[in-house]
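> run_8.cif is the file, holding mmCIF, C-alpha atoms (C1' of nucleotides):
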data_model
#
loop_
_atom_site.label_atom_id
_atom_site.label_comp_id
_atom_site.auth_asym_id
_atom_site.auth_seq_id
_atom_site.Cartn_x
_atom_site.Cartn_y
_atom_site.Cartn_z
CA MET R 217 -2.28 18.58 7.06
CA ARG R 218 -1.96 14.84 7.13
CA GLU R 219 1.76 15.28 7.30
CA ARG R 220 1.57 17.77 10.14
CA LYS R 221 -0.49 15.37 12.19
CA ARG R 222 1.95 12.62 11.47
CA ASN R 223 4.87 14.73 12.64
CA GLU R 224 3.04 15.63 15.79
CA THR R 225 2.35 12.00 16.56
CA ARG R 226 5.94 11.15 15.86
CA GLU R 227 7.17 13.80 18.23
CA ARG R 228 4.70 12.65 20.84
CA ILE R 229 6.05 9.13 20.61
CA VAL R 230 9.62 10.31 21.01
CA ARG R 231 8.75 12.42 24.01
CA ALA R 232 6.86 9.57 25.63
CA GLY R 233 9.69 7.15 24.96
CA VAL R 234 12.42 9.43 26.27
CA GLU R 235 10.37 10.19 29.32
CA LEU R 236 9.79 6.53 30.08
CA PHE R 237 13.34 5.46 29.37
CA ALA R 238 14.57 8.13 31.74
CA SER R 239 12.18 7.25 34.53
CA LYS R 240 11.74 3.47 34.32
CA GLY R 241 14.84 2.44 32.43
CA TYR R 242 15.19 1.10 28.92
CA ASP R 243 14.66 -2.61 29.41
CA GLU R 244 11.79 -2.03 31.79
CA THR R 245 9.92 0.05 29.24
CA THR R 246 7.87 -1.93 26.74
CA VAL R 247 6.70 -0.70 23.38
CA ALA R 248 3.17 -1.05 24.71
CA ASP R 249 4.05 1.36 27.53
CA ILE R 250 5.32 3.94 25.09
CA ALA R 251 2.35 3.55 22.80
CA ALA R 252 -0.06 3.95 25.70
CA ALA R 253 1.76 7.06 26.91
CA ALA R 254 1.63 8.50 23.40
CA ASP R 255 -2.06 7.67 23.06
CA ILE R 256 -1.72 5.34 20.12
CA GLY R 257 -2.17 1.62 19.63
CA THR R 258 0.81 -0.62 20.09
CA ARG R 259 0.52 -1.69 16.51
CA THR R 260 0.71 1.89 15.30
CA PHE R 261 4.06 2.43 16.98
CA PHE R 262 5.72 0.24 14.41
CA GLY R 263 4.34 2.40 11.66
CA TYR R 264 6.53 5.19 12.95
CA PHE R 265 9.61 3.42 14.22
CA ALA R 266 11.17 0.07 13.55
CA GLY R 267 11.65 -0.55 17.25
CA LYS R 268 12.36 0.91 20.66
CA ASP R 269 15.92 1.71 19.74
CA ALA R 270 15.06 3.51 16.50
CA LEU R 271 13.15 6.02 18.57
CA LEU R 272 16.39 7.27 20.11
CA PHE R 273 18.10 7.79 16.77
CA GLY R 274 15.09 8.67 14.69
CA ALA R 275 15.86 12.35 14.32
CA GLY R 276 18.45 11.35 11.75
CA SER R 277 22.03 12.44 12.08
CA SER R 278 21.64 16.08 11.21
CA ARG R 279 25.28 16.59 12.09
CA THR R 280 26.28 14.11 9.43
CA GLU R 281 24.10 15.83 6.88
CA LEU R 282 25.63 19.14 7.80
CA ALA R 283 29.13 17.78 7.37
CA VAL R 284 28.25 16.27 4.01
CA ARG R 285 26.85 19.57 2.81
CA ILE R 286 29.87 21.55 3.92
CA ILE R 287 32.19 19.07 2.26
CA GLY R 288 30.19 19.38 -0.93
CA GLU R 289 30.55 23.15 -0.87
CA ALA R 290 34.24 23.22 -0.03
CA ALA R 291 36.83 24.78 -2.28
CA PRO R 292 38.66 22.05 -4.19
CA ASP R 293 42.06 23.24 -3.05
CA GLU R 294 41.22 23.30 0.63
CA GLN R 295 42.78 20.72 2.93
CA PRO R 296 40.20 17.96 3.51
CA ALA R 297 40.99 17.81 7.22
CA ARG R 298 40.40 21.55 7.54
CA VAL R 299 37.06 21.24 5.84
CA LEU R 300 36.09 18.63 8.40
CA LEU R 301 37.10 20.93 11.23
CA ARG R 302 34.96 23.68 9.75
CA ALA R 303 32.04 21.28 9.65
CA LEU R 304 32.68 20.46 13.28
CA ASP R 305 32.63 24.13 14.22
CA GLU R 306 29.36 24.68 12.40
CA ALA R 307 27.84 21.70 14.15
CA SER R 308 29.04 22.97 17.51
CA THR R 309 27.50 26.39 17.11
CA ASP R 310 24.60 25.66 14.85
CA SER R 311 22.94 22.78 16.63
CA ASP R 312 23.87 23.75 20.15
CA GLU R 313 20.39 22.75 21.11
CA ASP R 314 21.17 19.28 19.92
CA LEU R 315 24.49 18.99 21.69
CA VAL R 316 23.15 20.15 25.00
CA ASN R 317 19.91 18.37 24.38
CA GLU R 318 18.73 16.27 27.25
CA ARG R 319 17.70 13.73 24.68
CA ALA R 320 21.27 13.46 23.47
CA VAL R 321 22.49 13.02 27.02
CA LEU R 322 19.99 10.28 27.65
CA ARG R 323 20.94 8.60 24.42
CA LEU R 324 24.57 8.72 25.40
CA ARG R 325 23.85 7.27 28.80
CA LEU R 326 21.83 4.44 27.27
CA VAL R 327 24.53 3.80 24.69
CA GLY R 328 26.83 3.29 27.61
CA SER R 329 24.58 0.97 29.54
CA VAL R 330 22.31 -0.97 27.15
CA PRO R 331 23.99 -3.32 24.68
CA ALA R 332 21.20 -3.08 22.12
CA VAL R 333 21.37 0.71 22.13
CA ARG R 334 25.13 0.62 21.94
CA ALA R 335 24.96 -1.54 18.84
CA ARG R 336 22.49 0.85 17.29
CA GLY R 337 24.71 3.79 18.11
CA ALA R 338 27.70 2.06 16.61
CA LEU R 339 25.68 1.48 13.46
CA ALA R 340 24.69 5.12 13.26
CA GLN R 341 28.27 6.17 13.72
CA LEU R 342 29.59 3.89 11.02
CA GLU R 343 26.92 5.12 8.66
CA GLY R 344 28.09 8.63 9.40
CA VAL R 345 31.63 7.60 8.59
CA LYS R 346 30.54 6.10 5.32
CA ALA R 347 28.51 9.15 4.30
CA ILE R 348 31.34 11.54 5.13
CA GLY R 349 33.91 9.33 3.47
CA ASP R 350 31.85 9.23 0.29
CA ALA R 351 31.38 12.98 0.35
CA LEU R 352 35.12 13.49 0.75
CA LEU R 353 35.84 11.17 -2.10
CA THR R 354 33.40 12.99 -4.35
CA ARG R 355 34.71 16.43 -3.52
CA PHE R 356 38.40 15.54 -3.47
CA PRO R 357 38.95 13.03 -6.27
CA ALA R 358 42.66 13.07 -5.61
CA LEU R 359 42.01 11.11 -2.43
CA ASP R 360 42.30 7.37 -2.35
CA ALA R 361 39.13 5.60 -1.18
CA ALA R 362 40.91 4.33 1.90
CA GLN R 363 42.32 7.76 2.64
CA ALA R 364 38.83 9.17 2.56
CA SER R 365 37.47 6.41 4.82
CA GLY R 366 40.40 6.81 7.18
CA LEU R 367 39.96 10.53 7.44
CA ALA R 368 36.24 10.19 7.96
CA GLY R 369 36.78 7.48 10.56
CA ALA R 370 39.28 9.57 12.46
CA PHE R 371 37.04 12.61 12.31
CA VAL R 372 33.87 10.89 13.45
CA GLY R 373 35.66 8.76 16.01
CA ALA R 374 37.46 11.70 17.55
CA SER R 375 34.32 13.82 17.50
CA ALA R 376 32.22 11.14 19.12
CA ALA R 377 34.77 10.60 21.85
CA ALA R 378 35.07 14.33 22.47
CA VAL R 379 31.32 14.88 22.48
CA GLN R 380 30.89 12.01 24.88
CA THR R 381 33.47 13.42 27.25
CA VAL R 382 32.00 16.88 27.13
CA LEU R 383 28.39 15.79 27.44
CA LEU R 384 28.90 13.43 30.33
CA ASP R 385 31.39 15.56 32.20
CA ALA R 386 29.54 17.75 34.65
CA THR R 387 32.32 20.29 34.97
CA ALA R 388 32.17 21.12 31.32
CA GLY R 389 32.20 24.93 31.26
CA THR R 390 30.37 27.18 28.84
CA PRO R 391 29.17 25.94 25.46
CA ALA R 392 31.85 27.98 23.73
CA GLU R 393 34.58 26.48 25.88
CA ARG R 394 33.23 23.01 25.24
CA ALA R 395 33.16 23.65 21.51
CA ALA R 396 36.73 24.91 21.64
CA ARG R 397 37.86 21.85 23.56
CA ILE R 398 36.18 19.54 21.10
CA HIS R 399 37.70 21.40 18.20
CA SER R 400 41.24 21.27 19.48
CA ALA R 401 40.93 17.63 20.46
CA VAL R 402 39.70 16.63 17.02
CA ALA R 403 42.26 18.81 15.29
CA ALA R 404 44.97 17.08 17.25
CA GLY R 405 43.49 13.72 16.38
CA LEU R 406 43.57 14.54 12.69
CA GLY R 407 47.11 15.82 12.92
CA VAL R 408 46.18 19.31 11.78
CA VAL R 409 48.61 21.94 12.98
CA GLU R 410 47.06 25.30 13.73
CA MET H 184 37.61 -32.60 29.91
CA ARG H 185 34.50 -30.64 30.76
CA GLU H 186 36.05 -27.68 29.03
CA ARG H 187 36.99 -29.69 25.97
CA LYS H 188 33.45 -30.92 25.59
CA ARG H 189 32.18 -27.41 25.95
CA ASN H 190 34.48 -26.15 23.22
CA GLU H 191 33.40 -28.96 20.95
CA THR H 192 29.76 -28.12 21.48
CA ARG H 193 30.48 -24.47 20.89
CA GLU H 194 32.20 -25.20 17.62
CA ARG H 195 29.37 -27.51 16.61
CA ILE H 196 26.89 -24.70 17.18
CA VAL H 197 28.91 -22.27 15.11
CA ARG H 198 29.23 -24.74 12.27
CA ALA H 199 25.54 -25.51 12.32
CA GLY H 200 24.65 -21.84 12.39
CA VAL H 201 26.99 -20.85 9.58
CA GLU H 202 25.74 -23.75 7.51
CA LEU H 203 22.11 -22.81 8.01
CA PHE H 204 22.66 -19.10 7.48
CA ALA H 205 24.41 -19.84 4.21
CA SER H 206 21.77 -22.23 2.93
CA LYS H 207 18.47 -20.87 4.26
CA GLY H 208 19.33 -17.27 4.96
CA TYR H 209 19.71 -15.46 8.26
CA ASP H 210 16.15 -14.39 8.97
CA GLU H 211 14.77 -17.72 7.89
CA THR H 212 16.95 -19.58 10.36
CA THR H 213 15.60 -19.81 13.90
CA VAL H 214 17.59 -20.51 17.00
CA ALA H 215 15.59 -23.70 17.35
CA ASP H 216 16.83 -24.76 13.90
CA ILE H 217 20.43 -24.19 14.89
CA ALA H 218 20.02 -25.97 18.20
CA ALA H 219 18.43 -28.97 16.51
CA ALA H 220 21.22 -29.12 13.93
CA ALA H 221 23.79 -28.96 16.70
CA ASP H 222 22.00 -31.65 18.71
CA ILE H 223 21.28 -29.54 21.74
CA GLY H 224 18.15 -28.16 23.33
CA THR H 225 17.02 -24.74 22.27
CA ARG H 226 17.44 -23.53 25.80
CA THR H 227 21.03 -24.66 25.87
CA PHE H 228 21.93 -22.50 22.91
CA PHE H 229 21.62 -19.42 25.07
CA GLY H 230 24.10 -20.86 27.49
CA TYR H 231 26.69 -20.59 24.75
CA PHE H 232 25.68 -17.47 22.83
CA ALA H 233 23.57 -14.48 23.68
CA GLY H 234 21.76 -14.74 20.36
CA LYS H 235 21.87 -15.65 16.71
CA ASP H 236 24.12 -12.73 15.90
CA ALA H 237 26.64 -13.44 18.65
CA LEU H 238 27.36 -16.71 16.94
CA LEU H 239 28.89 -14.89 13.97
CA PHE H 240 31.23 -12.77 16.05
CA GLY H 241 31.93 -15.19 18.84
CA ALA H 242 35.48 -16.04 17.81
CA GLY H 243 36.57 -12.64 19.10
CA SER H 244 38.50 -10.19 16.98
CA SER H 245 41.88 -11.81 16.90
CA ARG H 246 43.13 -8.98 14.72
CA THR H 247 42.32 -6.50 17.45
CA GLU H 248 44.12 -8.61 20.00
CA LEU H 249 47.12 -8.77 17.70
CA ALA H 250 47.17 -5.01 17.33
CA VAL H 251 46.87 -4.49 21.07
CA ARG H 252 49.74 -6.86 21.70
CA ILE H 253 51.98 -5.18 19.16
CA ILE H 254 51.19 -1.77 20.58
CA GLY H 255 52.02 -3.02 24.04
CA GLU H 256 55.40 -4.27 22.86
CA ALA H 257 56.31 -1.17 20.88
CA ALA H 258 59.33 0.96 21.65
CA PRO H 259 58.24 4.06 23.54
CA ASP H 260 59.94 6.38 21.06
CA GLU H 261 58.36 4.88 17.99
CA GLN H 262 55.73 6.87 16.12
CA PRO H 263 52.30 5.55 17.19
CA ALA H 264 51.02 5.62 13.63
CA ARG H 265 53.96 3.52 12.50
CA VAL H 266 53.27 0.96 15.18
CA LEU H 267 49.74 0.65 13.88
CA LEU H 268 51.02 0.15 10.38
CA ARG H 269 53.28 -2.61 11.63
CA ALA H 270 50.30 -4.26 13.28
CA LEU H 271 48.44 -3.99 10.02
CA ASP H 272 51.28 -5.66 8.14
CA GLU H 273 51.40 -8.49 10.64
CA ALA H 274 47.66 -8.99 10.36
CA SER H 275 47.85 -8.98 6.59
CA THR H 276 50.44 -11.73 6.45
CA ASP H 277 49.86 -13.61 9.66
CA SER H 278 46.15 -14.30 9.66
CA ASP H 279 45.69 -14.89 5.97
CA GLU H 280 43.62 -17.92 6.85
CA ASP H 281 41.24 -15.70 8.71
CA LEU H 282 41.01 -13.21 5.89
CA VAL H 283 40.13 -15.82 3.33
CA ASN H 284 37.94 -17.69 5.76
CA GLU H 285 34.58 -18.62 4.34
CA ARG H 286 33.10 -17.76 7.69
CA ALA H 287 34.49 -14.23 7.42
CA VAL H 288 33.07 -13.88 3.94
CA LEU H 289 29.65 -15.01 5.09
CA ARG H 290 29.81 -12.63 8.00
CA LEU H 291 30.70 -9.80 5.67
CA ARG H 292 27.86 -10.66 3.34
CA LEU H 293 25.39 -10.79 6.20
CA VAL H 294 26.74 -7.52 7.57
CA GLY H 295 25.87 -6.05 4.23
CA SER H 296 22.39 -7.47 4.00
CA VAL H 297 20.94 -7.95 7.49
CA PRO H 298 20.45 -4.83 9.62
CA ALA H 299 20.77 -6.67 12.92
CA VAL H 300 24.07 -8.21 11.86
CA ARG H 301 25.30 -4.89 10.57
CA ALA H 302 24.62 -3.30 13.93
CA ARG H 303 26.49 -6.08 15.63
CA GLY H 304 29.42 -5.66 13.27
CA ALA H 305 29.48 -1.95 13.90
CA LEU H 306 29.58 -2.65 17.61
CA ALA H 307 32.47 -5.03 17.22
CA GLN H 308 34.34 -2.48 15.17
CA LEU H 309 33.85 0.29 17.69
CA GLU H 310 34.97 -2.00 20.46
CA GLY H 311 38.09 -2.64 18.43
CA VAL H 312 38.63 1.09 18.14
CA LYS H 313 38.26 1.50 21.87
CA ALA H 314 40.63 -1.33 22.68
CA ILE H 315 43.28 -0.02 20.31
CA GLY H 316 42.80 3.54 21.49
CA ASP H 317 43.25 2.48 25.09
CA ALA H 318 46.34 0.48 24.22
CA LEU H 319 47.82 3.48 22.42
CA LEU H 320 47.10 5.72 25.36
CA THR H 321 48.72 3.29 27.75
CA ARG H 322 51.85 2.82 25.69
CA PHE H 323 52.23 6.43 24.60
CA PRO H 324 51.22 8.58 27.56
CA ALA H 325 52.20 11.71 25.68
CA LEU H 326 49.14 11.26 23.48
CA ASP H 327 45.95 13.14 24.13
CA ALA H 328 42.94 10.89 24.64
CA ALA H 329 41.31 12.35 21.55
CA GLN H 330 44.44 11.82 19.51
CA ALA H 331 44.52 8.20 20.55
CA SER H 332 40.84 7.66 19.71
CA GLY H 333 41.21 9.48 16.43
CA LEU H 334 44.23 7.48 15.44
CA ALA H 335 42.53 4.24 16.38
CA GLY H 336 39.36 5.23 14.56
CA ALA H 337 41.21 6.11 11.40
CA PHE H 338 43.23 2.93 11.58
CA VAL H 339 40.34 0.57 12.16
CA GLY H 340 38.02 2.37 9.79
CA ALA H 341 40.46 2.39 6.94
CA SER H 342 41.45 -1.20 7.59
CA ALA H 343 37.86 -2.40 7.70
CA ALA H 344 37.03 -0.66 4.46
CA ALA H 345 40.08 -2.12 2.81
CA VAL H 346 39.41 -5.64 4.09
CA GLN H 347 35.87 -5.43 2.87
CA THR H 348 37.03 -4.40 -0.55
CA VAL H 349 39.57 -7.18 -0.70
CA LEU H 350 37.20 -9.87 0.55
CA LEU H 351 34.25 -8.97 -1.63
CA ASP H 352 36.04 -7.70 -4.71
CA ALA H 353 37.12 -10.53 -6.97
CA THR H 354 39.40 -8.41 -9.18
CA ALA H 355 41.63 -7.26 -6.40
CA GLY H 356 45.09 -8.37 -7.55
CA THR H 357 47.57 -10.54 -5.70
CA PRO H 358 47.55 -10.75 -1.91
CA ALA H 359 50.80 -8.82 -1.75
CA GLU H 360 49.42 -6.05 -3.92
CA ARG H 361 46.30 -5.91 -1.86
CA ALA H 362 48.30 -5.72 1.34
CA ALA H 363 50.43 -2.96 -0.15
CA ARG H 364 47.37 -1.00 -1.22
CA ILE H 365 45.82 -1.37 2.18
CA HIS H 366 49.05 -0.34 3.82
CA SER H 367 49.58 2.78 1.76
CA ALA H 368 45.96 3.82 2.01
CA VAL H 369 45.93 3.50 5.76
CA ALA H 370 49.29 5.23 6.00
CA ALA H 371 47.95 8.15 4.01
CA GLY H 372 44.81 8.22 6.11
CA LEU H 373 46.93 8.44 9.24
CA GLY H 374 49.07 11.20 7.77
CA VAL H 375 52.25 9.14 7.87
CA VAL H 376 54.82 10.19 5.29
CA GLU H 377 56.98 7.36 3.99
"C1'" DA L 55 -23.36 16.68 -0.74
"C1'" DT L 56 -21.79 12.22 -2.35
"C1'" DG L 57 -18.77 8.95 -3.16
"C1'" DC L 58 -14.25 7.22 -4.44
"C1'" DA L 59 -9.23 6.64 -3.55
"C1'" DA L 60 -5.53 6.67 -0.50
"C1'" DG L 61 -3.68 6.57 3.78
"C1'" DT L 62 -4.03 5.77 8.91
"C1'" DT L 63 -5.21 3.45 13.02
"C1'" DC L 64 -5.60 -0.56 15.52
"C1'" DG L 65 -7.14 -5.11 17.23
"C1'" DC L 66 -6.12 -9.96 16.69
"C1'" DA L 67 -3.40 -13.75 15.92
"C1'" DT L 68 1.08 -15.59 15.18
"C1'" DT L 69 6.07 -16.34 15.17
"C1'" DG L 70 10.27 -16.15 17.35
"C1'" DA L 71 13.80 -14.19 20.70
"C1'" DG L 72 15.16 -14.41 25.19
"C1'" DT L 73 14.72 -15.36 30.42
"C1'" DG L 74 13.63 -17.54 34.98
"C1'" DC L 75 12.83 -21.62 37.27
"C1'" DA L 76 13.10 -26.15 38.61
"C1'" DA L 77 14.11 -30.95 37.59
"C1'" DT L 78 17.40 -34.07 35.93
"C1'" DA L 79 21.81 -35.75 34.43
"C1'" DT L 80 26.73 -35.93 34.50
"C1'" DA L 81 31.63 -35.04 35.48
"C1'" DG L 82 35.15 -34.52 39.14
"C1'" DC L 83 36.53 -35.68 43.45
"C1'" DA L 84 36.84 -37.32 48.36
"C1'" DT Z 62 30.29 -45.13 46.52
"C1'" DG Z 63 28.38 -40.82 47.69
"C1'" DC Z 64 28.73 -35.58 47.39
"C1'" DT Z 65 29.17 -31.37 44.93
"C1'" DA Z 66 29.29 -28.43 41.24
"C1'" DT Z 67 28.10 -27.70 36.76
"C1'" DA Z 68 25.48 -28.65 32.36
"C1'" DT Z 69 21.38 -29.70 30.01
"C1'" DT Z 70 16.81 -29.31 29.15
"C1'" DG Z 71 11.69 -28.67 29.31
"C1'" DC Z 72 8.16 -25.54 30.54
"C1'" DA Z 73 6.01 -21.37 31.05
"C1'" DC Z 74 6.21 -16.64 30.34
"C1'" DT Z 75 7.10 -11.83 28.52
"C1'" DC Z 76 7.89 -9.08 24.88
"C1'" DA Z 77 9.29 -7.62 20.07
"C1'" DA Z 78 7.78 -7.66 15.61
"C1'" DT Z 79 4.89 -8.77 11.51
"C1'" DG Z 80 0.75 -9.96 8.58
"C1'" DC Z 81 -3.96 -9.40 7.92
"C1'" DG Z 82 -8.12 -7.23 7.73
"C1'" DA Z 83 -11.65 -4.13 9.39
"C1'" DA Z 84 -13.02 0.52 10.66
"C1'" DC Z 85 -12.07 5.18 10.10
"C1'" DT Z 86 -10.27 9.70 8.26
"C1'" DT Z 87 -8.77 12.86 4.79
"C1'" DG Z 88 -8.45 14.88 0.23
"C1'" DC Z 89 -10.46 15.38 -4.00
"C1'" DA Z 90 -13.40 15.02 -7.97
"C1'" DT Z 91 -17.85 14.57 -9.64
#
Output the structure of this file as structure tokens.

Amino acid sequence: MRERKRNETRERIVRAGVELFASKGYDETTVADIAAAADIGTRTFFGYFAGKDALLFGAGSSRTELAVRIIGEAAPDEQPARVLLRALDEASTDSDEDLVNERAVLRLRLVGSVPAVRARGALAQLEGVKAIGDALLTRFPALDAAQASGLAGAFVGASAAAVQTVLLDATAGTPAERAARIHSAVAAGLGVVE
Amino acid sequence: MRERKRNETRERIVRAGVELFASKGYDETTVADIAAAADIGTRTFFGYFAGKDALLFGAGSSRTELAVRIIGEAAPDEQPARVLLRALDEASTDSDEDLVNERAVLRLRLVGSVPAVRARGALAQLEGVKAIGDALLTRFPALDAAQASGLAGAFVGASAAAVQTVLLDATAGTPAERAARIHSAVAAGLGVVE
DNA sequence: ATGCAAGTTCGCATTGAGTGCAATATAGCA
DNA sequence: TGCTATATTGCACTCAATGCGAACTTGCAT
């Protein structure tokens, strides 16, 4: 029960923060503002998040976790790049909510406009690369460490660029079309011939 | 002359900051400390750098600039991935000073231990990816945007991982061996067959 | 029910980053 | 020598973030 309450509060903070960032702007929103809107003390905020920016990335990269799991379950003789593309497809269909999420769009906009948020996003992305690279290395011991990092870097980099394009482009078509465009773009980036 | 003085002051700040970071630690060093050690007012510091962290990355990524230049000078019919590998070779031999630099080692250590510095490093890396991706796209218009980003991401990611290994791993072999290992690993990551 | 243990909330005080403003100093130049 | 542009700096201020300690809540065992 304690935990449920804590999750509720956490979600309330995120909602309040996103709302305020969207309406007032990031720099113009203070932690005290967010705390007040979420009905908690300013001090309490820092018990949930390390800072304003953490709030935007707090959900944890579920896409990265998904990719790591799929890599871990892959057949040993499968092409690593193909496994990554499968993970991408799962992420596109599975967490559609997340990809179309208004929160994700806001995050992307702030990443583009606020240096501090951009740095945080870059950090999250590199951590994703590291996690995926490690997973690849574990599952495919034949890979060199640098091969694994390179593959992971290409995959995450291409995906991020594609997602950004699709999410910020108003004329983006249906979710399925968007997923297909992302897939083919990343496949091309990884040099996979289909 | 004004400009010379400014450069001197800038260098003095960097030296003071690096010195203090190394001896006292990053978090324990305040901007006021650095300013005092560099014989300037605290307020003046911010006229030179946006913050403590900027000081560590201020030199600008000369390796990125090198890569961009080499891409810009490449023959239009050359394989993009091969051009990147050439840039990597140049960086490996050319800027050895920079790779052995004590400042670079400190930066790498702080990237590993201080979250704020890590975020900044991640940002720098992603900016490198973007710059190289754009350069690729400009020089090789046949490339898809996602291909260019993916290639750049794989290249920078693999290179960064390799450089980190080389700089922090004492038992890494001769410089030539290290360069060769980096080269082949990145080549494999980019899917280049040699 | 009572009381203990653990965890949560939150106010208060403090440090330090970063900014705006205005005064002063200094270099470059007519 | 003045005049102008730029650099430096102090001062005051806002806000992020942390430590501390007090009040409160929850879960559980007696």
> Please, which residues of chain R lie no more than 10 Å from chain Z when the count uses all atoms listed in the file, and can they be set out as a list in words?
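For chain R, the answer reads Met217, Arg218, Thr246, Val247, Ala248, Arg259, Phe262, Ala266, Gly267 and Lys268 of chain R.
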> Which value, in Å to one decimal, gives the distance between atom CA of Ala303 of chain R and atom CA of Ala283 of chain R?
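Computing the Euclidean distance for atom CA of Ala303 of chain R and atom CA of Ala283 of chain R yields 5.1 Å.
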> Box time for segment 250-257 of chain R: axis-aligned, enclosing all its listed atoms, 4 Å extra on each side; report centre and edge lengths in Å to one decimal, as AutoDock Vina command-line options.

--center_x 1.6 --center_y 5.1 --center_z 23.3 --size_x 15.5 --size_y 14.9 --size_z 15.3
> For Leu272 of chain R, find every residue with an atom within 9 Å (counting only C-alpha atoms (C1' of nucleotides)), except residues of its own chain fewer than 6 positions away, and show them as a ChimeraX atom specification.
/R:230,233-234,319-320,322-323,333
> Exactly which residues make up the result of the PyMOL selection byres ((chain L) within 10 of (chain R)) on this file, given as an MDAnalysis selection string?
chainID L and resid 61:65
> So which one's closest to chain R, H:Asp222, H:Asp272, H:Asp327, H:Glu202? Using all atoms listed in the file, please.
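For chain R, the nearest of the given residues is H:Asp327.
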> Distance atom CA of Ser206 of chain H-atom CA of Ala345 of chain H, one decimal place?
27.2 Å
> Calculate how many Å separate atom CA of Arg322 of chain H from atom CA of Gly255 of chain H, rounding to one decimal.
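Taking atom CA of Arg322 of chain H as the start and atom CA of Gly255 of chain H as the end point, the length is 6.1 Å.
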> Since I can't run it myself right now, could you work out what the PyMOL selection byres ((chain R) within 6 of (chain H)) selects here and report it as a PDB file with C-alpha atoms, in the coordinates of the input?

ATOM      1  CA  ALA R 335      24.960  -1.540  18.840  1.00  0.00           C
ATOM      2  CA  ARG R 336      22.490   0.850  17.290  1.00  0.00           C
ATOM      3  CA  ALA R 338      27.700   2.060  16.610  1.00  0.00           C
ATOM      4  CA  LEU R 339      25.680   1.480  13.460  1.00  0.00           C
ATOM      5  CA  ALA R 362      40.910   4.330   1.900  1.00  0.00           C
ATOM      6  CA  GLN R 363      42.320   7.760   2.640  1.00  0.00           C
ATOM      7  CA  SER R 365      37.470   6.410   4.820  1.00  0.00           C
ATOM      8  CA  GLY R 366      40.400   6.810   7.180  1.00  0.00           C
ATOM      9  CA  LEU R 367      39.960  10.530   7.440  1.00  0.00           C
ATOM     10  CA  GLY R 369      36.780   7.480  10.560  1.00  0.00           C
ATOM     11  CA  ALA R 370      39.280   9.570  12.460  1.00  0.00           C
ATOM     12  CA  GLY R 373      35.660   8.760  16.010  1.00  0.00           C
ATOM     13  CA  ALA R 374      37.460  11.700  17.550  1.00  0.00           C
ATOM     14  CA  ALA R 401      40.930  17.630  20.460  1.00  0.00           C
ATOM     15  CA  ALA R 404      44.970  17.080  17.250  1.00  0.00           C
ATOM     16  CA  GLY R 405      43.490  13.720  16.380  1.00  0.00           C
TER      17      GLY R 405
END
> Which of these residues is nearest to Arg246 of chain H, using only C-alpha atoms: H:Ile196, H:Asn190, H:Ala314, H:Arg265?
H:Ala314
> Pick the closest to DA71 of chain L from H:Thr192, H:Pro324, H:Asp317, H:Phe228: which is it, counting all atoms listed in the file?
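Residue with the minimum atom-to-atom distance to DA71 of chain L: H:Phe228.
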> Can segment 369-379 of chain R be brought up to N, CA and C atoms and written out as a PDB file, in the frame of the given file?

ATOM      1  N   GLY R 369      36.803   8.267   9.340  1.00  0.00           N
ATOM      2  CA  GLY R 369      36.780   7.480  10.560  1.00  0.00           C
ATOM      3  C   GLY R 369      37.455   8.216  11.703  1.00  0.00           C
ATOM      4  N   ALA R 370      38.577   8.827  11.418  1.00  0.00           N
ATOM      5  CA  ALA R 370      39.280   9.570  12.460  1.00  0.00           C
ATOM      6  C   ALA R 370      38.431  10.740  12.929  1.00  0.00           C
ATOM      7  N   PHE R 371      37.846  11.428  11.966  1.00  0.00           N
ATOM      8  CA  PHE R 371      37.040  12.610  12.310  1.00  0.00           C
ATOM      9  C   PHE R 371      35.839  12.231  13.176  1.00  0.00           C
ATOM     10  N   VAL R 372      35.071  11.271  12.706  1.00  0.00           N
ATOM     11  CA  VAL R 372      33.870  10.890  13.450  1.00  0.00           C
ATOM     12  C   VAL R 372      34.237  10.264  14.788  1.00  0.00           C
ATOM     13  N   GLY R 373      35.254   9.401  14.768  1.00  0.00           N
ATOM     14  CA  GLY R 373      35.660   8.760  16.010  1.00  0.00           C
ATOM     15  C   GLY R 373      36.113   9.765  17.037  1.00  0.00           C
ATOM     16  N   ALA R 374      36.959  10.696  16.618  1.00  0.00           N
ATOM     17  CA  ALA R 374      37.460  11.700  17.550  1.00  0.00           C
ATOM     18  C   ALA R 374      36.324  12.593  18.030  1.00  0.00           C
ATOM     19  N   SER R 375      35.440  12.959  17.111  1.00  0.00           N
ATOM     20  CA  SER R 375      34.320  13.820  17.500  1.00  0.00           C
ATOM     21  C   SER R 375      33.428  13.123  18.505  1.00  0.00           C
ATOM     22  N   ALA R 376      33.111  11.878  18.229  1.00  0.00           N
ATOM     23  CA  ALA R 376      32.220  11.140  19.120  1.00  0.00           C
ATOM     24  C   ALA R 376      32.835  11.041  20.514  1.00  0.00           C
ATOM     25  N   ALA R 377      34.110  10.722  20.554  1.00  0.00           N
ATOM     26  CA  ALA R 377      34.770  10.600  21.850  1.00  0.00           C
ATOM     27  C   ALA R 377      34.751  11.941  22.577  1.00  0.00           C
ATOM     28  N   ALA R 378      35.026  13.013  21.842  1.00  0.00           N
ATOM     29  CA  ALA R 378      35.070  14.330  22.470  1.00  0.00           C
ATOM     30  C   ALA R 378      33.681  14.735  22.950  1.00  0.00           C
ATOM     31  N   VAL R 379      32.692  14.514  22.100  1.00  0.00           N
ATOM     32  CA  VAL R 379      31.320  14.880  22.480  1.00  0.00           C
ATOM     33  C   VAL R 379      30.905  14.100  23.721  1.00  0.00           C
TER      34      VAL R 379
END
